[in-house]
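K.L.:
Got a structure for you, written out below as structure tokens; questions coming shortly.
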Amino acid sequence: MVPNRLARRELLGLSTTVIGGLAGCSTRTSDSNRRSSPSPTASEPEYSRSVNTPESVKVRNSAGKPAVHSSARSPGKDAFESSANWEYEDWIVTTPGERGALEFSRATADVEAAREFISETDLSESTLLVHQYNIGECGTRRLERLEWGSDFSCGDVECVGIYLNYEPTERDDDCQGTNPDESNSPPYSERSYASETTFARIPAQLQTYGRFSVQI
């Protein structure tokens with residue numbers, strides 16, 4: 001029996017952060033110790049496949065509203081959310097129908113490049129990963145590394161794990177922000193953040209995944 005999905009990942013305001021958890025099939029839990037461990041143990045399997053500088057594209061809604069959502073699925077509840085919404089979401093696109101269900105908000109920038117990237121993704125050979133998050137209005141992220149593997153446990157079943165490594169950068173050296181004295185980490189105060197979404201190609205056909213981790 002697959003356990004119910006509970007609270008989503010937890011983000012810590014650190015310079016090097018791992019956001020870990022379980023998606024789709026199980027409970028989301030912190031994964032920070034696994035990546036910092038000097039050597040894996042039987043309960044801490046390494047990802048079996050990896051790509052440096054994976055093929056990806058990014059969109060951004062500077063107004064802070066979720067940049068993209070899907071009419072083919074419902075969002076989960078994140079640790080920073082009082083109710084389920086699209087602000088912090090990750091999911092995979094595996095079929096043309098799921099691809100066609102992606103919808104961008106009006107204020108989202110770089111949509112045309114994203115649509116081209118999405119339409120050119122061959123779903124017979126690759127899986128499209130969608131990762132959406134809030135970010136400080138002066139900040140952005142660059143996807144540096146993608147890892148995945150199937151040797152993970154989601155409750156009583158084996159599952160696929162996905163790991164992303166981002167390089168945080170400043171969008172503009174002259175950016176002061178609405179609240180420059182506040183920490184550049186969630187939860188953000190009103191009007192001090194943007195919504196950013198990274199679309200990445202995983203060069204493998206995945207139908208589902210259970211663990212999702214992000215290092216920043």
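As shown in the structure tokens, the chain order sets the letters A, B, ...; within each chain, residues go from 1, and ligands are also counted from 1 in the order they appear.
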Taking 3 positions as the minimum chain separation for residues in the same chain, which residues sit within 8 Å of A:Gly161 when counting only C-alpha atoms? Answer as a ChimeraX atom specification.
P.N.:
/A:47,148-152,209-213
K.L.:
Please provide the set of residues having any atom within 12 Å of A:Val130, restricted to only C-alpha atoms, with same-chain residues fewer than 5 positions apart removed, written as an NGL selection string.
P.N.:
:A and (56-59 or 67-70 or 86 or 88-94 or 98-99 or 102 or 114 or 118 or 162 or 164 or 196-202 or 212)
K.L.:
Would you save the residues from that selection as a CSV table (one decimal), in the first residue's frame, using C-alpha atoms?
P.N.:
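Once everything was written out, this is result30.csv:
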```csv
chain,number,residue,atom,x,y,z
A,56,SER,CA,16.9,23.4,-19.6
A,57,VAL,CA,15.0,26.6,-20.0
A,58,LYS,CA,13.6,29.0,-17.4
A,59,VAL,CA,10.6,31.4,-17.2
A,67,ALA,CA,4.5,31.3,-13.6
A,68,VAL,CA,3.0,28.0,-14.9
A,69,HIS,CA,0.5,25.4,-13.9
A,70,SER,CA,-1.0,22.3,-15.4
A,86,TRP,CA,1.3,26.2,-7.4
A,88,TYR,CA,6.3,25.5,-4.8
A,89,GLU,CA,5.8,22.5,-7.2
A,90,ASP,CA,7.7,19.8,-9.1
A,91,TRP,CA,6.3,17.3,-11.5
A,92,ILE,CA,7.2,15.5,-14.7
A,93,VAL,CA,5.6,15.6,-18.1
A,94,THR,CA,5.5,12.2,-19.9
A,98,GLU,CA,0.4,16.5,-20.1
A,99,ARG,CA,2.5,18.7,-22.3
A,102,LEU,CA,0.9,23.4,-19.3
A,114,ALA,CA,10.0,27.8,-23.1
A,118,ILE,CA,8.8,22.0,-24.4
A,162,ILE,CA,15.6,13.1,-8.8
A,164,LEU,CA,18.9,19.1,-8.9
A,196,GLU,CA,10.6,31.1,-11.3
A,197,THR,CA,10.2,27.8,-13.2
A,198,THR,CA,12.9,25.6,-14.6
A,199,PHE,CA,12.1,23.1,-17.3
A,200,ALA,CA,14.7,20.4,-17.7
A,201,ARG,CA,15.1,17.4,-19.9
A,202,ILE,CA,15.9,14.1,-18.2
A,212,PHE,CA,12.9,15.0,-5.1
```
K.L.:
Could you pull the residues within 6 Å of stretch 188-193 of chain A, counting only C-alpha atoms, minus those fewer than 4 positions along the same chain, as a PyMOL selection string?
P.N.:
chain A and resi 64+135-137+178
K.L.:
Export, as a PDB file, in the first residue's frame, the selected residues with C-alpha atoms.
P.N.:
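File out-v4.pdb, as written:
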```
ATOM      1  CA  GLY A  64       5.203  36.796  -7.842  1.00  0.00           C
ATOM      2  CA  ILE A 135      12.763  33.421  -5.371  1.00  0.00           C
ATOM      3  CA  GLY A 136      13.952  36.833  -4.187  1.00  0.00           C
ATOM      4  CA  GLU A 137      13.226  39.609  -6.669  1.00  0.00           C
ATOM      5  CA  THR A 178      11.614  46.052  -2.222  1.00  0.00           C
TER       6      THR A 178
END
```
K.L.:
From the options A:Thr95, A:Ser71, A:Gln207, A:Asn165, which residue's atoms come nearest to A:Ser50, counting only C-alpha atoms?
P.N.:
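Of A:Thr95, A:Ser71, A:Gln207, A:Asn165, the one nearest A:Ser50, counting only C-alpha atoms, is A:Asn165.
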K.L.:
How many Å separate atom CA of A:Gly139 from atom CA of A:Arg171?
P.N.:
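It comes out at 5.4 Å.
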K.L.:
Between atom CA of A:Pro203 and atom CA of A:Thr121, what is the spacing in Å?
P.N.:
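Atom CA of A:Pro203 lies at a distance of 9.9 Å from atom CA of A:Thr121.
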K.L.:
Write out as a PyMOL selection string the set of residues from stretch 44-164 of chain A that DSSP, computed on the backbone, places in strand (DSSP E).
P.N.:
chain A and resi 49-52+56-61+68-70+89-93+102-104+127-136+139-154+157-164
K.L.:
Using atom CA of A:Arg115 and atom CA of A:Gly100 as the two end points, give the distance in Å to one decimal.
P.N.:
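According to the coordinates, atom CA of A:Arg115 and atom CA of A:Gly100 are separated by 10.1 Å.
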K.L.:
Tell me which of A:Ala194, A:Val51, A:Ala109, A:Phe117 sits closest to A:Ala63, counting only C-alpha atoms.
P.N.:
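Among the listed residues, the smallest separation from A:Ala63 belongs to A:Ala194.
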K.L.:
Using only C-alpha atoms, pick whichever of A:Val111, A:Ala204, A:Ala101, A:Cys138 has the shortest atom-to-atom distance to A:Glu170.
P.N.:
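Once distances to A:Glu170 are computed over only C-alpha atoms, the minimum belongs to A:Cys138.
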